[in-house]
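Have a look at data15.cif; it's mmCIF, C-alpha atoms:
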```cif
data_data
#
loop_
_atom_site.label_atom_id
_atom_site.label_comp_id
_atom_site.auth_asym_id
_atom_site.auth_seq_id
_atom_site.Cartn_x
_atom_site.Cartn_y
_atom_site.Cartn_z
CA MET A 1 160.60 52.79 -74.59
CA ALA A 2 163.88 51.09 -73.67
CA LYS A 3 166.47 51.04 -76.44
CA ARG A 4 167.14 47.70 -78.09
CA TYR A 5 170.48 46.77 -79.63
CA THR A 6 170.98 44.35 -82.52
CA SER A 7 174.19 42.59 -83.40
CA THR A 8 174.64 40.66 -86.67
CA ILE A 9 177.24 38.01 -87.47
CA THR A 10 177.93 36.56 -90.91
CA ILE A 11 179.18 32.96 -90.84
CA ARG A 12 181.29 31.84 -93.78
CA CYS A 13 183.04 28.49 -93.48
CA GLY A 14 183.10 24.95 -94.80
CA LYS A 15 180.78 22.29 -93.42
CA GLN A 16 181.92 18.69 -93.85
CA HIS A 17 179.65 15.62 -93.96
CA THR A 18 180.37 11.92 -93.89
CA CYS A 19 177.68 10.25 -95.98
CA SER A 20 175.47 7.92 -93.97
CA GLY A 21 174.84 5.78 -97.04
CA CYS A 22 178.25 5.20 -98.59
CA GLY A 23 180.78 6.81 -96.27
CA ALA A 24 181.97 9.48 -98.73
CA VAL A 25 183.40 12.64 -97.17
CA TYR A 26 182.48 15.97 -98.75
CA SER A 27 182.07 19.59 -97.77
CA TYR A 28 180.47 22.76 -99.05
CA LEU A 29 180.56 26.49 -98.46
CA PHE A 30 178.29 27.27 -95.53
CA VAL A 31 177.05 30.87 -95.27
CA ARG A 32 174.62 32.20 -92.66
CA LYS A 33 173.70 35.64 -91.34
CA VAL A 34 172.46 35.55 -87.75
CA SER A 35 171.39 38.29 -85.36
CA GLY A 36 170.92 38.82 -81.65
CA THR A 37 169.02 41.53 -79.79
CA ALA A 38 169.21 42.73 -76.20
CA GLY A 39 168.94 45.82 -74.03
CA THR A 40 172.69 46.36 -74.20
CA ALA A 41 175.26 46.18 -77.01
CA GLU A 42 177.22 43.52 -75.12
CA GLY A 43 174.08 41.43 -74.60
CA ALA A 44 173.18 41.68 -78.29
CA GLN A 45 176.66 40.50 -79.27
CA GLN A 46 176.45 37.61 -76.83
CA ASN A 47 173.04 36.55 -78.22
CA ALA A 48 174.37 36.81 -81.76
CA ARG A 49 177.30 34.54 -80.85
CA LYS A 50 174.87 32.02 -79.34
CA ALA A 51 172.82 32.07 -82.55
CA ALA A 52 176.00 31.57 -84.58
CA ASP A 53 177.09 28.61 -82.41
CA LYS A 54 173.63 27.05 -82.84
CA ALA A 55 173.74 27.50 -86.62
CA LEU A 56 177.21 25.96 -86.83
CA ALA A 57 176.16 23.01 -84.67
CA SER A 58 172.81 22.12 -86.23
CA SER A 59 172.07 24.03 -89.42
CA VAL A 60 172.90 22.40 -92.77
CA ASP A 61 172.33 23.00 -96.47
CA LEU A 62 170.72 20.60 -98.93
CA GLN A 63 173.84 19.19 -100.57
CA ALA A 64 173.76 15.60 -101.84
CA CYS A 65 176.63 13.13 -101.59
CA PRO A 66 178.90 13.25 -104.68
CA THR A 67 179.27 9.43 -104.69
CA CYS A 68 175.76 8.04 -104.10
CA GLY A 69 173.61 11.15 -104.48
CA LEU A 70 172.09 10.81 -101.01
CA PHE A 71 170.73 13.78 -99.08
CA GLN A 72 171.77 13.20 -95.49
CA PRO A 73 169.22 12.52 -92.68
CA ASP A 74 169.99 15.84 -90.97
CA MET A 75 169.29 17.71 -94.23
CA ILE A 76 165.96 15.95 -94.77
CA GLY A 77 165.05 16.21 -91.08
CA GLN A 78 165.82 19.94 -90.95
CA LYS A 79 163.68 20.64 -94.01
CA ARG A 80 160.78 18.57 -92.66
CA ARG A 81 161.04 20.08 -89.19
CA ARG A 82 160.81 23.63 -90.51
CA ALA A 83 157.83 22.74 -92.71
CA HIS A 84 156.02 20.87 -89.91
CA LEU A 85 156.69 23.67 -87.44
CA THR A 86 155.39 26.30 -89.86
CA THR A 87 152.23 24.26 -90.44
CA PHE A 88 151.79 23.78 -86.68
CA VAL A 89 151.98 27.52 -85.99
CA ILE A 90 149.59 28.43 -88.83
CA ALA A 91 147.14 25.70 -87.76
CA LEU A 92 147.30 26.92 -84.15
CA LEU A 93 146.43 30.46 -85.24
CA VAL A 94 143.71 29.55 -87.76
CA LEU A 95 141.99 26.97 -85.56
CA GLY A 96 142.23 29.26 -82.54
CA VAL A 97 140.59 32.10 -84.49
CA GLY A 98 137.92 29.69 -85.72
CA LEU A 99 137.05 28.70 -82.15
CA ILE A 100 136.89 32.35 -81.07
CA LEU A 101 134.66 33.31 -84.01
CA ARG A 102 132.32 30.44 -83.19
CA ALA A 103 132.24 31.21 -79.45
CA SER A 104 131.46 34.88 -80.12
CA ASP A 105 128.71 34.01 -82.66
CA VAL A 106 130.52 35.80 -85.49
CA LEU A 107 130.32 32.53 -87.44
CA PRO A 108 127.22 30.32 -87.31
CA ALA A 109 127.99 26.88 -85.93
CA ASN A 110 127.31 25.08 -89.22
CA THR A 111 129.63 27.41 -91.16
CA ALA A 112 132.24 27.26 -88.41
CA ALA A 113 132.19 23.44 -88.52
CA TRP A 114 133.18 23.43 -92.19
CA VAL A 115 135.77 26.16 -91.60
CA MET A 116 137.34 24.07 -88.83
CA ALA A 117 137.19 20.90 -90.93
CA GLY A 118 138.74 22.74 -93.89
CA ALA A 119 141.54 24.11 -91.71
CA CYS A 120 142.22 20.61 -90.32
CA ALA A 121 142.24 19.19 -93.86
CA LEU A 122 144.69 21.83 -95.10
CA ALA A 123 146.95 21.20 -92.11
CA ALA A 124 146.80 17.44 -92.77
CA LEU A 125 147.67 17.96 -96.45
CA ALA A 126 150.55 20.31 -95.60
CA HIS A 127 151.98 17.91 -93.01
CA GLY A 128 151.53 14.98 -95.39
CA PHE A 129 153.20 16.77 -98.29
CA SER A 130 156.17 17.74 -96.12
CA ASP A 131 156.50 14.25 -94.66
CA PHE A 132 156.11 12.22 -97.85
CA LYS A 133 158.18 14.42 -100.15
CA ASP A 134 161.07 12.15 -101.15
CA LEU A 135 164.24 14.15 -101.70
CA ASN A 136 166.11 10.91 -102.46
CA ARG A 137 163.74 9.55 -105.10
CA ASP A 138 166.36 10.22 -107.84
CA PRO A 139 169.85 9.83 -106.34
CA GLU A 140 171.50 9.96 -109.76
CA ALA A 141 170.00 13.38 -110.50
CA ASN A 142 171.12 14.53 -107.05
CA ARG A 143 174.64 13.28 -107.75
CA ARG A 144 174.84 15.10 -111.10
CA THR A 145 173.78 18.35 -109.41
CA THR A 146 176.54 17.91 -106.83
CA GLU A 147 179.10 17.28 -109.61
CA GLU A 148 178.11 20.61 -111.15
CA ARG A 149 178.63 22.31 -107.80
CA ILE A 150 182.04 20.62 -107.43
CA THR A 151 183.01 22.07 -110.80
CA ALA A 152 181.74 25.48 -109.67
CA GLY A 153 183.80 25.22 -106.47
CA THR A 154 180.96 25.39 -103.92
CA VAL A 155 181.25 21.68 -103.02
CA LYS A 156 184.44 19.65 -102.44
CA ALA A 157 184.78 15.85 -102.52
CA HIS A 158 187.40 14.72 -100.00
CA SER A 159 187.10 10.95 -100.32
CA ALA A 160 184.91 8.63 -102.38
CA GLY A 161 182.39 6.36 -100.77
CA ARG A 162 181.63 2.68 -101.14
CA PRO A 163 180.33 1.64 -104.58
CA GLY A 164 176.92 0.00 -105.00
CA PRO A 165 173.31 0.97 -104.24
CA THR A 166 172.47 3.00 -101.16
CA ALA A 167 170.71 1.17 -98.33
CA ALA A 168 166.97 1.91 -98.31
CA GLU A 169 167.05 2.79 -94.60
CA TRP A 170 169.21 5.82 -95.44
CA ALA A 171 167.62 6.76 -98.76
CA ARG A 172 164.10 6.59 -97.28
CA PRO A 173 164.31 6.42 -93.47
CA PRO A 174 161.45 4.30 -92.04
CA ARG A 175 158.77 5.90 -89.87
CA THR A 176 158.18 4.70 -86.34
CA LEU A 177 154.75 3.45 -85.29
CA PHE A 178 154.19 6.68 -83.33
CA HIS A 179 155.10 8.68 -86.42
CA GLN A 180 152.62 6.72 -88.55
CA LEU A 181 149.95 7.13 -85.88
CA ALA A 182 150.40 10.92 -85.97
CA LEU A 183 149.77 10.94 -89.71
CA LEU A 184 146.67 8.79 -89.25
CA LEU A 185 145.32 11.07 -86.53
CA LEU A 186 145.40 14.00 -88.95
CA GLY A 187 142.68 12.27 -90.97
CA VAL A 188 140.70 11.55 -87.80
CA ALA A 189 140.93 15.27 -86.91
CA VAL A 190 139.21 16.25 -90.17
CA LEU A 191 136.34 13.84 -89.48
CA LEU A 192 136.00 15.08 -85.90
CA ALA A 193 135.81 18.72 -86.97
CA ALA A 194 133.18 17.90 -89.60
CA SER A 195 131.23 15.53 -87.30
CA PRO A 196 128.52 18.00 -86.17
CA GLU A 197 127.46 18.68 -89.75
CA ILE A 198 127.76 15.00 -90.70
CA PHE A 199 125.63 14.02 -87.70
CA ARG A 200 123.11 16.81 -88.38
CA SER A 201 122.73 15.65 -91.99
CA MET A 202 122.24 12.05 -90.91
CA ARG A 203 119.56 13.03 -88.38
CA GLY A 204 117.83 15.41 -90.78
CA TRP A 205 117.95 18.36 -88.36
CA PRO A 206 116.97 21.59 -90.13
CA LEU A 207 118.85 24.87 -89.79
CA SER A 208 117.48 28.15 -88.48
CA PRO A 209 119.96 30.67 -89.93
CA ASP A 210 119.07 33.49 -87.51
CA ALA A 211 119.60 31.37 -84.40
CA PHE A 212 122.87 30.66 -82.56
CA PRO A 213 123.33 27.71 -82.57
CA PRO A 214 121.26 27.20 -85.72
CA VAL A 215 119.83 23.80 -84.67
CA VAL A 216 116.86 24.28 -82.33
CA GLY A 217 114.35 21.78 -80.97
CA PRO A 218 111.75 21.75 -78.21
CA GLY A 219 113.48 22.29 -74.85
CA ASP A 220 116.51 24.00 -76.42
CA THR A 221 117.81 27.50 -75.76
CA THR A 222 119.12 29.57 -78.64
CA ARG A 223 120.36 33.14 -78.99
CA ILE A 224 118.86 35.61 -81.47
CA TYR A 225 120.49 38.97 -82.20
CA MET A 226 118.38 42.04 -82.87
CA ASN A 227 118.77 43.94 -86.13
CA ASP A 228 119.55 47.21 -84.35
CA LYS A 229 122.81 48.26 -82.71
CA ILE A 230 123.23 50.68 -79.83
CA SER A 231 126.10 52.91 -78.70
CA SER A 232 126.67 53.26 -75.00
CA VAL A 233 129.32 53.80 -72.35
CA LEU A 234 131.47 50.64 -72.22
CA GLY A 235 128.83 48.93 -74.39
CA TYR A 236 126.62 48.52 -71.30
CA TRP A 237 122.94 47.69 -71.66
CA ARG A 238 120.18 45.70 -70.01
CA GLY A 239 116.96 44.38 -71.42
CA PHE A 240 113.44 43.16 -70.71
CA PRO A 241 112.34 40.61 -73.33
CA LYS A 242 108.95 39.26 -74.32
CA VAL A 243 108.89 36.37 -76.79
CA ALA A 244 106.02 34.56 -78.48
CA LEU A 245 106.09 31.61 -80.88
CA GLN A 246 103.43 31.82 -83.56
CA ARG A 247 102.08 29.26 -86.05
CA PRO A 248 99.33 29.76 -88.62
CA GLY A 249 95.99 28.69 -87.21
CA ALA A 250 97.28 28.21 -83.66
CA ASP A 251 97.38 30.36 -80.57
CA PRO A 252 100.70 32.11 -79.80
CA ILE A 253 102.93 30.30 -77.31
CA GLU A 254 104.77 32.40 -74.77
CA ALA A 255 108.44 31.42 -74.52
CA SER A 256 110.81 32.06 -71.64
CA ALA A 257 113.63 34.43 -72.51
CA LYS A 258 116.55 36.19 -70.91
CA THR A 259 119.02 38.80 -72.02
CA ASN A 260 121.92 41.01 -70.90
CA GLN A 261 121.66 42.59 -67.43
CA ASN A 262 124.52 45.08 -67.00
CA ASN A 263 124.26 47.13 -63.80
CA TRP A 264 126.21 50.39 -63.94
CA GLY A 265 124.92 52.16 -60.82
CA SER A 266 125.20 55.92 -60.50
CA SER A 267 128.72 56.29 -61.89
CA ILE A 268 130.85 54.61 -64.55
CA SER A 269 134.62 54.76 -64.88
CA ALA A 270 135.52 54.77 -68.59
CA LYS A 271 138.23 56.06 -70.88
CA SER A 272 137.31 58.59 -73.55
CA SER A 273 137.59 55.86 -76.19
CA GLU A 274 135.06 53.74 -74.26
CA LYS A 275 132.26 56.30 -74.05
CA ASP A 276 130.67 55.32 -77.36
CA ASN A 277 131.06 51.55 -77.68
CA SER A 278 128.80 49.66 -80.05
CA ALA A 279 126.74 46.63 -78.98
CA THR A 280 124.16 44.39 -80.59
CA PRO A 281 121.35 43.48 -78.19
CA TRP A 282 120.34 39.83 -78.06
CA VAL A 283 117.79 37.53 -76.52
CA GLU A 284 118.18 33.92 -75.44
CA VAL A 285 114.94 32.10 -76.22
CA GLU A 286 113.96 28.83 -74.56
CA VAL A 287 111.65 26.82 -76.78
CA PRO A 288 108.95 25.09 -74.70
CA SER A 289 109.51 21.37 -74.09
CA ASP A 290 106.50 20.39 -76.17
CA ALA A 291 107.21 17.35 -78.35
CA SER A 292 104.36 18.32 -80.67
CA LEU A 293 106.47 21.29 -81.85
CA ALA A 294 109.15 18.96 -83.29
CA GLY A 295 109.45 19.34 -87.05
CA LYS A 296 107.27 22.46 -87.06
CA THR A 297 108.13 25.93 -88.37
CA VAL A 298 107.30 28.82 -86.06
CA ASP A 299 107.71 32.58 -86.12
CA CYS A 300 109.63 33.79 -83.10
CA VAL A 301 108.34 37.30 -82.36
CA ILE A 302 110.59 39.29 -80.02
CA GLN A 303 109.91 42.55 -78.21
CA LEU A 304 112.94 43.78 -76.30
CA GLY A 305 112.84 46.82 -74.07
CA ILE A 306 116.36 48.08 -73.36
CA GLU A 307 118.11 50.66 -71.21
CA TYR A 308 121.66 51.86 -71.70
CA PRO A 309 123.96 54.65 -70.44
CA LYS A 310 124.62 57.31 -73.09
CA ALA A 311 127.50 59.74 -72.60
CA SER A 312 126.36 63.29 -71.89
CA GLY A 313 129.10 65.87 -71.84
CA SER A 314 132.64 65.03 -70.80
CA SER A 315 131.97 63.37 -67.44
CA SER A 316 128.33 62.33 -67.17
CA PHE A 317 125.77 60.04 -68.76
CA GLU A 318 122.04 59.67 -69.16
CA VAL A 319 120.07 56.45 -69.20
CA GLU A 320 118.24 56.08 -72.48
CA SER A 321 115.58 53.51 -73.27
CA ASP A 322 114.19 51.98 -76.44
CA VAL A 323 112.03 49.10 -77.59
CA LEU A 324 113.39 46.79 -80.31
CA HIS A 325 111.38 44.35 -82.37
CA ARG A 326 112.35 41.36 -84.45
CA SER A 327 110.62 38.32 -85.93
CA VAL A 328 112.63 35.32 -87.13
CA THR A 329 111.61 31.94 -88.48
CA LEU A 330 112.66 28.85 -86.51
CA HIS A 331 112.65 25.43 -88.17
CA LEU A 332 112.37 23.16 -85.16
CA ALA A 333 114.18 19.83 -85.00
CA SER A 334 113.55 16.95 -82.60
CA PRO A 335 113.49 17.62 -78.84
CA GLY A 336 116.93 18.46 -77.46
CA ALA A 337 118.57 18.47 -80.92
CA GLY A 338 120.11 21.88 -80.37
CA ALA A 339 121.85 20.87 -77.14
CA ASN A 340 123.10 17.66 -78.75
CA TYR A 341 124.36 19.53 -81.82
CA ASN A 342 126.14 22.11 -79.68
CA SER A 343 127.85 19.39 -77.60
CA ILE A 344 128.94 17.49 -80.72
CA TRP A 345 130.25 20.74 -82.22
CA TRP A 346 132.53 21.55 -79.30
CA VAL A 347 133.74 17.97 -78.87
CA GLY A 348 134.47 17.74 -82.61
CA ALA A 349 136.11 21.17 -82.92
CA LEU A 350 138.24 20.91 -79.78
CA GLY A 351 139.08 17.25 -80.50
CA GLY A 352 140.05 17.99 -84.10
CA THR A 353 142.15 20.97 -83.03
CA ALA A 354 143.89 18.92 -80.34
CA LEU A 355 144.69 16.09 -82.76
CA VAL A 356 146.07 18.44 -85.42
CA LEU A 357 148.31 20.19 -82.91
CA PHE A 358 149.37 16.96 -81.20
CA SER A 359 150.21 15.33 -84.53
CA GLY A 360 152.13 18.41 -85.60
CA LEU A 361 154.30 18.26 -82.48
CA VAL A 362 154.91 14.54 -83.01
CA LEU A 363 156.01 15.19 -86.59
CA VAL A 364 158.31 18.01 -85.49
CA GLY A 365 159.84 15.62 -82.93
CA ALA A 366 160.20 12.86 -85.53
CA SER A 367 162.03 15.26 -87.82
CA ARG A 368 164.43 16.18 -85.03
CA GLY A 369 164.98 12.49 -84.42
CA LEU A 370 165.85 12.03 -88.10
CA GLN A 371 168.36 14.87 -87.86
CA ARG A 372 170.12 13.08 -85.00
CA LYS A 373 170.60 9.94 -87.12
CA ALA A 374 173.11 11.66 -89.40
CA ASN A 375 176.87 11.40 -88.92
CA PRO A 376 178.29 14.40 -87.05
CA THR A 377 179.40 17.33 -89.21
CA GLN A 378 182.72 19.13 -88.96
CA ILE A 379 183.47 22.82 -89.41
CA LEU A 380 186.32 23.68 -91.79
CA ALA A 381 188.11 27.03 -91.67
#
```

Encoded form using C-alpha cells:
Amino acid sequence: MAKRYTSTITIRCGKQHTCSGCGAVYSYLFVRKVSGTAGTAEGAQQNARKAADKALASSVDLQACPTCGLFQPDMIGQKRRRAHLTTFVIALLVLGVGLILRASDVLPANTAAWVMAGACALAALAHGFSDFKDLNRDPEANRRTTEERITAGTVKAHSAGRPGPTAAEWARPPRTLFHQLALLLLGVAVLLAASPEIFRSMRGWPLSPDAFPPVVGPGDTTRIYMNDKISSVLGYWRGFPKVALQRPGADPIEASAKTNQNNWGSSISAKSSEKDNSATPWVEVEVPSDASLAGKTVDCVIQLGIEYPKASGSSSFEVESDVLHRSVTLHLASPGAGANYNSIWWVGALGGTALVLFSGLVLVGASRGLQRKANPTQILA
C-alpha cells in the first residue's frame, strides 16, 4: 500500500466582523486545526494550506454582536448548512439501505414502507429543527454573553453600532419561496413513502406474511422462500417447482411457477471462499386469474426439486439434488392488487426518497446563500 502523508496546521488569529444589523465592529480569537493528506509530504503540506485558506475565508464562530446581540448571517448559515448536510448524508444512507433491503426481500414490503416513511419523517424533523431554530430569539441574552467574553478577553469590541432595535430581516432572515417549498416537500415525502400502506388500508387488501410482496390477488405473481437453506459453489442452484392452491372442500388448483435456473456446466471458477456459499431457494408463484378466488384464503403447497454443485475436494464438485416442501397460507385480495401495491410501493418509496434528498440540497444551498449575505470578515494578526 502506498504511503500517505498528513500535514496539520493550527490557525490562531483574530477574525473581525462588521455587524449586519447595527454596524458594530468586533473581533474574536479564531482557532482551527486543519489537516491535509497526500502521497508526498509536499502535497500534504499544500493540501493543508488550502484547507487553512478555506477556513480563514469562510469558517466563523458563533459570536454575537456586543451592541445589538445579533448572530451574523454567515454564523447562522454555517450552522444550518452543516446540520442540513449531515441530515442529507444520513438520509441518503438510511433510505438507500431501506430500498436495498426491500429489493432483496430482507424486509417485507409493508414493513419497508413504514421504515421508509419513518426515515423520511425523521429527516423532515431534523431539517425543520435546524431551519427553524432561532439563534436570535433573545438578542439581549446574546449580548450579555458577548460582554462576558469581552471581559474574559476572547472577544474585542472595536466600535459601537447604531442604537435601536435590530431590523427583522437581519435578526430573522426571510425564506425565499423555493426555500419554503423545500420544507413543504419534506411533508409530502413522508406521505409518499407511507402511501402504499395507506392505500392498502383504504382498499382493505389483506397481507400474506410469507409472500413477497405480501399483497397477492388473482393474476398476481409473488415470491415464496423455502424454509431450508443450501450451501453450494458460488451459491448456484436450479429448481423444478410444482405448486398447488388448496381450499377446504374444493379441488386443488395447479398454479404456474418458476424459480432459479443457474447453469454451471462442467466446470466452475471460484475462489476458496466461494466454495460454500449459502442460498435460500425460492419459488415465484402465479395465482390463476380467476376472479372467484378474490377474498379467499388458500393454502399454497410447494414441492421444489433442486440441484446444486457441492464442492468435492480442492478442485472439483458434485451435483447434489434434494426435494424441498413448504405450505404457506395466502390471503387473496382483489384481482391485480399485488401488482398495483408493488407499483405504488416503488413510486412512493423512490418519490419520497427523491423529495427528501432534493429538499435537503435546496436547504443546504439556502444556508450557503444566507452565509453570503453577511458583511465580509477580516483576518487580524

To verify the selection step, state as a VMD selection string which residues the PyMOL selection byres ((chain A and resi 218) around 12) yields on this input. chain A and resid 215 to 217 219 to 222 245 255 285 to 298 330 to 339

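Distances here use all atoms listed in the file; by that measure, the residue among A:Leu357, A:Ile302, A:Leu70, A:Ala109 closest to A:Leu324 is A:Ile302.
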
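When all atoms listed in the file are used to compute distances to A:Tyr28, the closest of the residues A:Cys300, A:Asn260, A:Leu380, A:Ala366 turns out to be A:Leu380.
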
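Rounded to one decimal, atom CA of A:Ala113 and atom CA of A:Ser195 lie 8.1 Å from each other.
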
Just say which residues the PyMOL selection byres ((chain A and resi 44) around 12) picks in this file, as a list in words. Lys3, Arg4, Tyr5, Thr6, Ser7, Thr8, Ile9, Val34, Ser35, Gly36, Thr37, Ala38, Gly39, Thr40, Ala41, Glu42, Gly43, Gln45, Gln46, Asn47, Ala48, Arg49, Lys50 and Ala51 of chain A

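Look at A:Ala119: the protein and nucleic acid residues within 9 Å of it, using all atoms listed in the file and passing over chain neighbours fewer than 4 places away, are Ala91, Val94, Leu95, Gly98, Trp114, Val115, Ala123, Ala124 and Val190 of chain A.
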
Apply the PyMOL selection byres ((chain A and resi 67) around 7) to the file shown and report the selected residues as a PyMOL selection string. chain A and resi 24+65-66+68-69+143+160-161

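Coordinates place atom CA of A:Trp170 at a distance of 20.8 Å from atom CA of A:His158.
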